[in-house]
Amino acid sequence: MRFPAEFKYTKDHEYINVDGNEGTVGLSDYAQDQLGDIVFVELPEIGQELAQGDVFAVVESVKAVSDSYCPAGGTVVKVNERLLDEPELINQDPHGEGWIMVIELADVADLDNLMDLETYETFVEEVGHG
Amino acid sequence: MVEDLKRTPLYQTHVAHGGKIIDFEGWALPVQFTSIIDEHRAVRHAAGLFDVSDMGEIMVEGADSLALLQLALTNNMERGRPGQVIYSPMCNEQGGVVDDLLIYCMGNDRYMLVVNAGNIEKDYQWLQGLAARFSHVSVSNESDDVGQIALQGPNSQAILQELTDCNLDVMKYYHFEDKVNVGGIEGLVSRTGYTGEDGFEVYCKPKDTPVLWEALMANAASWDLVPAGLGCRDTLRFEAGMPLYGQELDDERTPVEAKLSKFIDFTKEEFVGRERLLKQKEEKPKIRLIGFEMLGRGIPRTGYPLLSGGEEVGYVTTGSFAPSLNKNLGMGYVPWELRKIGTDLVVQIRNREVEARVVKTPFYRKGK
């Protein structure tokens, strides 16, 4: 399992890919693998304001309903509407076509609480064997 | 923790084939190997292999065994001939379901009861209690000495026939043959299953299950046979409209409410729960199990409220994306008046109210 080096990660396995004052948010490859076949995504609304740790989406696999938590506070500026009809994009390409939303960051300091690639890889290794 | 769970003799096989292990009624069993949806479709179109060793087996033996079963079960066992399998609910005095089970008529006053994993001890105690009213019957819990593998899907007969001399062509649905040599081991083979497809279940010694599993998987590629987990076991039975104990059935819900009246034989003068069930059937139950299809976006899940006219009127027992029908479907209990096909309902999904409509069950029938 490979995770992009430029992303930041949460312990709940969301990622944020920051570009300027915006960040693209989705689920990591580990998260989609744990969930299995994803069959439904409840998206946030454009303009919605989120704090770090808020539930921003609900992702459902055949067996499980899973809340997704916002990696950093901000305002939702884009959502991936393709997921409404093709929720399996999260399984197929979690770090690319399977992105969930883009937020305009309220406070870049939120990013300091997140894991970088190396820390996240170690974390996944640990939970994987826990 | 997974480490504390009971393991079937196939545990290492499951892990080696990439099975994602979960806790199922105290057993460490695979929820999936590759993908629930892929495994589901394989069973509908080719074949899937399931480790169902979690199921319990209770033997009822002796001159009074038929009398005990006639008392304990709602279905009529008198029509059971040796080699036949019968499905029946087993009820308490209030008509609630203690368990739903398969009864294998072994002949010579012997019956094998196949019960749900989570109910083994409860059923055993319940049957022991009823057996005290008879002098010539013994009830024994053989669950630890019986393993079980289910081979399900349209290719099942061809796959199994390669491994046995038993002529499967003449084995009818809900019939079985005991002491069959299959893949080098001895087992009981029945044409039964919990998927809505043709298929077989083999009961054998637990230690023989890996031998049989490997024999079946040896030629897997040519039959598109895949190992299948608990996840598709649930979606398959759900599409086929089969109840799952703990969801559609429990100690309070009755078979009349659960639309299982055809498995109650009121011509029997006595069986546990008869009075309450008869009254319910004559007066119509207050609530009834229905199937529904989501019209709006969302997946119904166990326990979600069902609404009508802005009021909470019922609840979802099982809900899922249905892989063979490509729809989000549910089963649940609603008031009797709302049972009819075409009735509009609302499912409360988190903070959203999503429209649904009562549809015919089973959702899926093979060959249609």
# chains A, B, ... in the order shown; residues from 1 in each chain; ligands from 1
>>> interface_residues(of="chain B", to="chain A", cutoff="8 Å", atoms="only C-alpha atoms", output="number ranges by chain")
B: 35-37, 231, 298-299, 320-321
>>> residues_around(residues="Phe56 of chain A", least_positions_apart="4", cutoff="9 Å", atoms="only C-alpha atoms", output="list of chain:residue names")
A:Glu42, A:Leu43, A:Pro44, A:Glu45, A:Leu50, A:Asp67, A:Ser68, A:Tyr69, A:Cys70, A:Met101
>>> closest_residue(among="B:Tyr245, B:Tyr315, B:Phe238, B:Tyr364", to="Asn119 of chain B", atoms="only C-alpha atoms")
B:Tyr245
>>> residues_around(residues="segment 89-93 of chain A", least_positions_apart="2", cutoff="8 Å", atoms="only C-alpha atoms", output="MDAnalysis selection string")
chainID A and resid 27 29 32:33 36:38 83 86:87 95:99
>>> write_last_selection(atoms="C-alpha atoms", output="tab-separated table (two decimals), in the first residue's frame")
chain	number	residue	atom	x	y	z
A	27	LEU	CA	-9.95	8.60	2.53
A	29	ASP	CA	-6.00	3.63	0.65
A	32	GLN	CA	-10.95	2.11	1.71
A	33	ASP	CA	-9.35	-1.30	2.04
A	36	GLY	CA	-14.46	-2.92	1.51
A	37	ASP	CA	-16.85	-2.27	-1.39
A	38	ILE	CA	-18.12	1.29	-0.99
A	83	LEU	CA	-19.22	9.82	-6.04
A	86	GLU	CA	-19.76	6.04	-8.65
A	87	PRO	CA	-18.96	5.61	-4.95
A	95	HIS	CA	-5.92	9.34	-3.51
A	96	GLY	CA	-7.01	10.56	-6.96
A	97	GLU	CA	-10.46	10.31	-8.60
A	98	GLY	CA	-11.96	9.20	-5.28
A	99	TRP	CA	-11.40	12.54	-3.52
>>> atom_distance(atom1="atom CA of Ala5 of chain A", atom2="atom CA of Glu104 of chain A")
21.0 Å
>>> select_by_dssp(residues="segment 152-194 of chain B", states="strand (DSSP E or B)", output="PyMOL selection string")
chain B and resi 152+164+175-182+185-190
>>> closest_residue(among="B:Thr318, B:Asn326, B:Thr235, B:Gln94", to="Gly196 of chain B", atoms="only C-alpha atoms")
B:Thr235
>>> select_by_dssp(residues="segment 5-213 of chain B", states="helix (DSSP H, G or I)", output="number ranges by chain")
B: 11-16, 36-45, 65-72, 77-79, 117-131, 143-145, 156-161, 168-170, 206-213
>>> atom_distance(atom1="atom CA of Glu49 of chain A", atom2="atom CA of Val77 of chain A")
9.7 Å
>>> atom_distance(atom1="atom CA of Glu257 of chain B", atom2="atom CA of Pro305 of chain B")
17.7 Å
>>> residues_around(residues="Ser53 of chain B", least_positions_apart="6", cutoff="10 Å", atoms="only C-alpha atoms", output="PyMOL selection string")
chain B and resi 7-10+27+29+117+143-150+203-204+206+209
>>> residues_around(residues="Met115 of chain A", least_positions_apart="2", cutoff="7 Å", atoms="only C-alpha atoms", output="ChimeraX atom specification")
/A:8-10,113,117,119-120
>>> residues_around(residues="Ser140 of chain B", least_positions_apart="6", cutoff="7 Å", atoms="only C-alpha atoms", output="ChimeraX atom specification")
/B:58-60
>>> write_last_selection(atoms="N, CA and C atoms", output="tab-separated table (two decimals), in the first residue's frame")
chain	number	residue	atom	x	y	z
B	58	ILE	N	-27.95	-30.30	16.93
B	58	ILE	CA	-28.52	-30.92	18.13
B	58	ILE	C	-29.22	-32.20	17.68
B	59	MET	N	-28.86	-33.31	18.29
B	59	MET	CA	-29.48	-34.59	17.93
B	59	MET	C	-30.65	-34.86	18.87
B	60	VAL	N	-31.76	-35.29	18.30
B	60	VAL	CA	-32.93	-35.71	19.08
B	60	VAL	C	-33.18	-37.17	18.71
